[in-house]
$ cat upload.cif   # mmCIF, C-alpha atoms
data_final
loop_
_atom_site.label_atom_id
_atom_site.label_comp_id
_atom_site.auth_asym_id
_atom_site.auth_seq_id
_atom_site.Cartn_x
_atom_site.Cartn_y
_atom_site.Cartn_z
CA MET D 260 93.16 80.04 144.38
CA THR D 261 95.29 81.39 141.57
CA ASP D 262 94.56 81.25 137.88
CA ASN D 263 97.08 79.64 135.60
CA ILE D 264 97.82 82.00 132.75
CA ASP D 265 99.77 80.66 129.78
CA THR D 266 102.09 83.18 128.23
CA VAL D 267 102.79 83.09 124.55
CA GLN D 268 106.44 83.29 123.74
CA GLY D 269 108.12 83.49 120.40
CA THR D 270 111.53 83.66 118.87
CA LYS D 271 112.69 86.98 117.55
CA GLU D 272 114.22 87.15 114.09
CA SER D 273 117.54 88.37 115.46
CA GLU D 274 117.77 85.32 117.75
CA PHE D 275 117.54 82.62 115.09
CA THR D 276 118.98 84.14 111.96
CA PRO D 277 122.63 83.58 111.06
CA ALA D 278 125.24 86.29 111.13
CA GLU D 279 124.42 89.21 108.90
CA SER D 280 125.70 88.96 105.37
CA LYS D 281 128.86 90.88 104.63
CA ASN D 282 128.31 90.95 100.90
CA SER D 283 129.38 94.20 99.33
CA LEU D 284 126.72 96.41 97.82
CA LEU D 285 128.23 95.90 94.36
CA ILE D 286 127.82 92.13 94.62
CA ILE D 287 124.21 92.58 95.74
CA ILE D 288 123.52 94.83 92.75
CA ILE D 289 125.12 92.43 90.26
CA LYS D 290 123.13 89.51 91.65
CA GLY D 291 119.84 91.39 91.41
CA LEU D 292 120.44 92.75 87.93
CA TRP D 293 122.01 89.73 86.28
CA LYS D 294 123.23 86.66 88.18
CA GLU D 295 120.00 86.14 90.16
CA ASN D 296 117.60 88.20 88.06
CA PRO D 297 114.06 87.39 89.29
CA GLY D 298 112.59 87.22 85.80
CA LEU D 299 115.35 85.38 83.93
CA CYS D 300 116.97 83.20 86.60
CA GLN D 301 114.51 82.64 89.42
CA LEU D 302 111.47 82.81 87.10
CA LEU D 303 109.42 84.64 89.72
CA GLY D 304 106.41 86.84 89.01
CA LEU D 305 105.61 85.14 85.72
CA CYS D 306 101.90 85.98 85.93
CA PRO D 307 102.32 89.78 85.62
CA LEU D 308 105.45 89.25 83.55
CA LEU D 309 103.38 87.73 80.75
CA ALA D 310 100.01 89.38 81.37
CA VAL D 311 100.87 93.09 81.24
CA THR D 312 103.81 93.06 78.84
CA THR D 313 101.72 93.50 75.71
CA THR D 314 102.97 97.11 75.58
CA ALA D 315 106.19 98.73 76.75
CA VAL D 316 104.36 101.42 78.73
CA SER D 317 102.26 99.04 80.82
CA ALA D 318 105.34 96.89 81.45
CA LEU D 319 107.32 99.95 82.55
CA GLY D 320 104.51 101.12 84.83
CA LEU D 321 104.19 97.77 86.57
CA GLY D 322 107.97 97.52 86.84
CA ILE D 323 108.26 100.89 88.57
CA ALA D 324 105.39 100.08 90.95
CA THR D 325 106.92 96.69 91.81
CA THR D 326 110.35 98.22 92.34
CA LEU D 327 108.96 100.85 94.68
CA VAL D 328 107.10 98.26 96.74
CA VAL D 329 110.02 95.85 97.00
CA ILE D 330 112.41 98.62 98.10
CA LEU D 331 110.07 99.96 100.76
CA SER D 332 108.99 96.55 102.02
CA SER D 333 112.54 95.18 102.21
CA THR D 334 113.78 98.26 104.07
CA LEU D 335 110.86 98.30 106.51
CA ILE D 336 111.05 94.57 107.21
CA SER D 337 114.79 94.82 107.78
CA CYS D 338 114.22 97.63 110.29
CA LEU D 339 111.56 95.60 112.13
CA ARG D 340 113.30 92.22 112.04
CA SER D 341 114.55 92.51 115.63
CA VAL D 342 110.98 92.78 116.96
CA ILE D 343 109.31 90.23 114.67
CA PHE D 344 108.59 86.80 116.11
CA THR D 345 109.58 83.88 113.91
CA GLU D 346 106.20 82.20 114.25
CA VAL D 347 104.27 85.16 112.81
CA ARG D 348 106.81 86.65 110.41
CA ILE D 349 104.96 85.62 107.22
CA PRO D 350 101.63 87.25 108.21
CA ILE D 351 103.50 90.39 109.24
CA TYR D 352 105.35 90.44 105.91
CA VAL D 353 102.02 90.14 104.08
CA ILE D 354 100.50 92.99 106.10
CA VAL D 355 103.48 95.27 105.40
CA ILE D 356 103.50 94.46 101.68
CA ALA D 357 99.71 94.77 101.35
CA THR D 358 99.76 98.19 103.02
CA LEU D 359 102.47 99.48 100.69
CA VAL D 360 100.74 98.05 97.60
CA THR D 361 97.47 99.73 98.61
CA VAL D 362 99.20 103.10 98.91
CA VAL D 363 100.91 102.67 95.53
CA ARG D 364 97.67 101.50 93.89
CA PHE D 365 95.72 104.53 95.15
CA TYR D 366 98.50 106.84 93.97
CA VAL D 367 98.52 105.34 90.47
CA GLU D 368 94.73 105.43 90.31
CA ALA D 369 94.67 109.11 91.30
CA TYR D 370 97.48 110.46 89.12
CA PHE D 371 97.77 107.91 86.28
CA PRO D 372 94.22 106.64 85.57
CA GLU D 373 95.07 105.38 82.08
CA LEU D 374 97.95 103.31 83.40
CA TYR D 375 95.75 102.08 86.25
CA ASN D 376 93.15 100.86 83.77
CA ALA D 377 95.84 99.20 81.65
CA LEU D 378 97.36 97.31 84.57
CA GLY D 379 93.99 96.34 85.99
CA ILE D 380 93.99 93.72 88.72
CA TYR D 381 97.69 93.01 88.31
CA LEU D 382 98.57 96.20 90.16
CA ALA D 383 96.74 94.94 93.25
CA LEU D 384 98.25 91.47 92.77
CA ILE D 385 101.71 92.88 93.50
CA VAL D 386 100.86 91.77 97.04
CA THR D 387 101.21 88.14 95.96
CA ASN D 388 104.27 88.70 93.79
CA CYS D 389 106.80 86.03 94.74
CA ILE D 390 109.68 88.44 94.22
CA ILE D 391 108.63 90.74 97.06
CA MET D 392 107.88 87.96 99.53
CA GLY D 393 110.99 86.07 98.45
CA ARG D 394 113.31 89.02 99.07
CA ALA D 395 111.64 89.69 102.42
CA GLU D 396 112.10 86.10 103.58
CA ALA D 397 115.50 85.34 102.06
CA PHE D 398 117.30 88.67 102.43
CA ALA D 399 115.54 91.55 104.17
CA GLY D 400 114.80 89.54 107.31
CA ARG D 401 118.48 88.64 107.66
CA ASN D 402 120.37 91.80 106.71
CA ARG D 403 120.71 95.45 107.60
CA PRO D 404 118.37 98.11 106.16
CA LEU D 405 120.94 99.52 103.72
CA GLN D 406 121.72 96.11 102.28
CA ALA D 407 118.02 95.26 102.14
CA ALA D 408 117.21 98.51 100.32
CA VAL D 409 119.98 97.94 97.76
CA ASP D 410 118.87 94.34 97.26
CA GLY D 411 115.29 95.49 96.73
CA LEU D 412 116.42 98.14 94.27
CA ALA D 413 118.59 95.72 92.30
CA CYS D 414 115.91 93.01 92.11
CA GLY D 415 113.22 95.55 91.26
CA VAL D 416 115.26 97.17 88.51
CA GLY D 417 116.30 93.77 87.17
CA PHE D 418 112.68 92.65 87.04
CA SER D 419 111.63 95.96 85.46
CA LEU D 420 114.25 95.63 82.73
CA VAL D 421 112.93 92.19 81.85
CA LEU D 422 109.36 93.54 81.84
CA PHE D 423 110.28 96.49 79.64
CA THR D 424 112.35 94.43 77.20
CA LEU D 425 109.65 91.80 76.88
CA GLY D 426 106.93 94.44 76.54
CA SER D 427 108.88 96.35 73.89
CA ILE D 428 109.50 93.26 71.76
CA ARG D 429 105.90 92.10 72.00
CA GLU D 430 104.51 95.55 71.20
CA VAL D 431 106.76 96.03 68.18
CA LEU D 432 106.06 92.57 66.74
CA GLY D 433 102.38 92.42 67.66
CA SER D 434 101.21 96.02 67.14
CA GLY D 435 103.99 97.66 65.12
CA THR D 436 104.31 100.49 67.66
CA TRP D 437 106.65 101.30 70.53
CA MET D 438 105.84 103.22 73.72
CA PHE D 439 102.28 103.82 72.53
CA GLY D 440 100.39 105.68 75.26
CA ALA D 441 103.55 106.98 76.94
CA HIS D 442 102.04 110.47 77.28
CA ASP D 443 99.41 109.12 79.68
CA PHE D 444 102.17 107.93 81.99
CA LEU D 445 105.08 110.31 81.46
CA GLY D 446 103.36 113.51 80.34
CA ASP D 447 102.93 115.43 77.09
CA TRP D 448 106.66 115.44 76.37
CA ALA D 449 106.47 111.65 75.90
CA TYR D 450 104.52 112.04 72.65
CA ALA D 451 107.94 112.07 70.98
CA LEU D 452 108.59 108.55 72.26
CA GLU D 453 105.52 107.05 70.57
CA ILE D 454 106.74 105.54 67.33
CA ASN D 455 105.13 103.50 64.55
CA LEU D 456 107.80 101.05 63.43
CA ILE D 457 105.95 98.39 61.44
CA SER D 458 102.85 98.56 59.30
CA SER D 459 99.84 96.78 60.73
CA ASP D 460 99.89 94.52 57.66
CA HIS D 461 103.21 93.05 58.77
CA THR D 462 102.61 92.50 62.47
CA TYR D 463 102.24 89.15 64.24
CA LEU D 464 99.22 88.85 66.52
CA ILE D 465 100.71 85.89 68.35
CA ALA D 466 103.34 88.20 69.86
CA ILE D 467 100.78 89.89 72.10
CA LEU D 468 99.04 86.61 72.97
CA PRO D 469 100.19 84.41 75.90
CA PRO D 470 101.98 81.84 73.68
CA GLY D 471 104.01 84.63 72.11
CA GLY D 472 104.91 85.96 75.55
CA PHE D 473 106.21 82.55 76.62
CA PHE D 474 108.20 82.17 73.40
CA ILE D 475 109.86 85.59 73.64
CA LEU D 476 110.62 85.10 77.34
CA ALA D 477 112.22 81.75 76.49
CA MET D 478 114.43 83.47 73.90
CA LEU D 479 115.51 86.08 76.48
CA ILE D 480 116.40 83.35 78.97
CA ALA D 481 118.29 81.43 76.29
CA ALA D 482 120.23 84.57 75.33
CA LYS D 483 121.23 85.17 78.95
CA ASN D 484 122.31 81.56 79.41
CA ALA D 485 124.36 81.75 76.22
CA LEU D 486 126.15 84.88 77.43
CA ASP D 487 126.85 83.29 80.80
CA GLN D 488 128.22 80.12 79.19
CA ARG D 489 130.39 82.16 76.84
CA LYS D 490 131.83 84.12 79.74
CA GLN D 491 132.42 80.95 81.72
CA HIS D 492 134.16 79.33 78.74
CA LYS D 493 136.47 82.33 78.39
CA GLU D 494 137.34 82.24 82.07
CA GLN D 495 138.12 78.53 81.87
CA SER D 496 140.29 79.10 78.79
CA LEU D 497 142.25 81.85 80.53
CA ALA D 498 142.69 79.66 83.61
CA ILE D 499 144.07 76.80 81.49
CA LYS D 500 146.47 79.13 79.65
CA SER D 501 147.72 80.63 82.92
CA LYS D 502 148.44 77.14 84.28
CA GLN D 503 150.34 76.20 81.13
CA ILE D 504 152.49 79.33 81.43
#
$ encode --input "upload.cif" --output "structure tokens"
Amino acid sequence: MTDNIDTVQGTKESEFTPAESKNSLLIIIIKGLWKENPGLCQLLGLCPLLAVTTTAVSALGLGIATTLVVILSSTLISCLRSVIFTEVRIPIYVIVIATLVTVVRFYVEAYFPELYNALGIYLALIVTNCIIMGRAEAFAGRNRPLQAAVDGLACGVGFSLVLFTLGSIREVLGSGTWMFGAHDFLGDWAYALEINLISSDHTYLIAILPPGGFFILAMLIAAKNALDQRKQHKEQSLAIKSKQI
């Protein structure tokens, strides 16, 4: 009498994914920084985007931590994509991202305690950041490690720029300062970056409250859309003139 043993089989990533993207690294960078910016175009990661951007320093700290995690996770997932089964790829992505976030969180807690206290739970919540999981699923699992690393860098830097810009505007309008507390993150030399720009009598409290964050983010998105439409209009005008000639 023989026992019937069912074997579990799965599909490897390399067996079901389409041909690897041949996009140039420059195109990948432009998409991450501007055309497909996670914060302004895809509107991903809005929870930390609005929660920790009350100061420029906390926004910069979270941006750097997120960028580091998305680069490492995208590169590692791209390297492992040939041995990952399709059916379990999401849990594996979560495990990889959670491990990297834990390492980054412990590092920040050990060497930058003030920044760690400022970021609070949002540093640990990088695990659930849609940007990291989105890049892993949409790009890293379908492209080579170099392309995945560049994509992670571009998306991370693009997201960090939005964080820093939003944090700077909210800090200036809401507190009258800029880069306050930078020495806790960057060292004693950063005291020179801490500036008082507006008297506390002329600040707007709403800027550092959630409604103010939404309003300023909306203005940033509107500004980007206006620039894109202006560029598109110029290209259409040049195309029409060239046809007439």
$ closest_atom_pairs --input "upload.cif" --of "segment 312-403 of chain D" --to "segment 434-452 of chain D" --cutoff "8 Å" --atoms "all atoms listed in the file" --output "Markdown table"
| residue | atom | partner | partner_atom | distance |
| --- | --- | --- | --- | --- |
| D:Thr314 | CA | D:Met438 | CA | 7.0 |
| D:Ala315 | CA | D:Met438 | CA | 5.4 |
| D:Val316 | CA | D:Met438 | CA | 5.5 |
| D:Gly320 | CA | D:Phe444 | CA | 7.7 |
| D:Phe371 | CA | D:Phe444 | CA | 6.1 |
| D:Glu373 | CA | D:Asp443 | CA | 6.2 |
| D:Leu374 | CA | D:Phe444 | CA | 6.4 |
$ resolve_selection --input "upload.cif" --expression "the PyMOL selection byres ((chain D and resi 307) around 9)" --output "PyMOL selection string"
chain D and resi 304-306+308-312+318+321+381-382+384-385+388+422
$ residues_around --input "upload.cif" --residues "Ile475 of chain D" --least-positions-apart "6" --cutoff "8 Å" --atoms "only C-alpha atoms" --output "list in words"
Leu425, Ile428, Arg429 and Ala466 of chain D
$ closest_residue --input "upload.cif" --among "D:Pro372, D:Leu285, D:Thr334, D:Val329" --to "Thr387 of chain D" --atoms "all atoms listed in the file"
D:Val329
$ resolve_selection --input "upload.cif" --expression "the PyMOL selection byres ((chain D and resi 476) around 9)" --output "list in words"
Gly298, Leu299, Leu309, Val421, Leu425, Gly471, Gly472, Phe473, Phe474, Ile475, Ala477, Met478, Leu479, Ile480 and Ala481 of chain D
$ axis_aligned_box --input "upload.cif" --around "segment 365-375 of chain D" --padding-each-side "8 Å" --output "JSON"
{"center_x": 96.4, "center_y": 106.3, "center_z": 88.6, "size_x": 20.3, "size_y": 24.4, "size_z": 29.1}
$ closest_residue --input "upload.cif" --among "D:Cys338, D:Leu303, D:Gln491, D:Ala482" --to "Leu405 of chain D" --atoms "all atoms listed in the file"
D:Cys338
$ closest_residue --input "upload.cif" --among "D:Leu319, D:Ala413, D:Ala395, D:Leu378" --to "Leu339 of chain D" --atoms "all atoms listed in the file"
D:Ala395
$ atom_distance --input "upload.cif" --atom1 "atom CA of Thr345 of chain D" --atom2 "atom CA of Pro297 of chain D"
25.3 Å
$ atom_distance --input "upload.cif" --atom1 "atom CA of Gln301 of chain D" --atom2 "atom CA of Asp487 of chain D"
15.1 Å
$ residues_around --input "upload.cif" --residues "Val360 of chain D" --least-positions-apart "6" --cutoff "7 Å" --atoms "all atoms listed in the file" --output "list in words"
Val328, Ala383, Ile385 and Val386 of chain D
$ closest_residue --input "upload.cif" --among "D:Ser341, D:Ser458, D:Asn402, D:Ser419" --to "Gly291 of chain D" --atoms "all atoms listed in the file"
D:Ser419
$ atom_distance --input "upload.cif" --atom1 "atom CA of Arg394 of chain D" --atom2 "atom CA of Ala369 of chain D"
28.5 Å
$ residues_near_point --input "upload.cif" --point "(101.8, 88.9, 107.6)" --cutoff "12 Å" --atoms "only C-alpha atoms" --output "MDAnalysis selection string"
chainID D and resid 332 336 343:358 386:387 392 395:396
$ residues_around --input "upload.cif" --residues "Gly400 of chain D" --least-positions-apart "6" --cutoff "8 Å" --atoms "all atoms listed in the file" --output "MDAnalysis selection string"
chainID D and resid 272 333 336:337 340
$ closest_residue --input "upload.cif" --among "D:Thr462, D:Gln406, D:Ser283, D:Thr313" --to "Ile330 of chain D" --atoms "all atoms listed in the file"
D:Gln406
$ closest_residue --input "upload.cif" --among "D:Ala397, D:Ala408, D:Ala324, D:Ile465" --to "Glu430 of chain D" --atoms "all atoms listed in the file"
D:Ile465
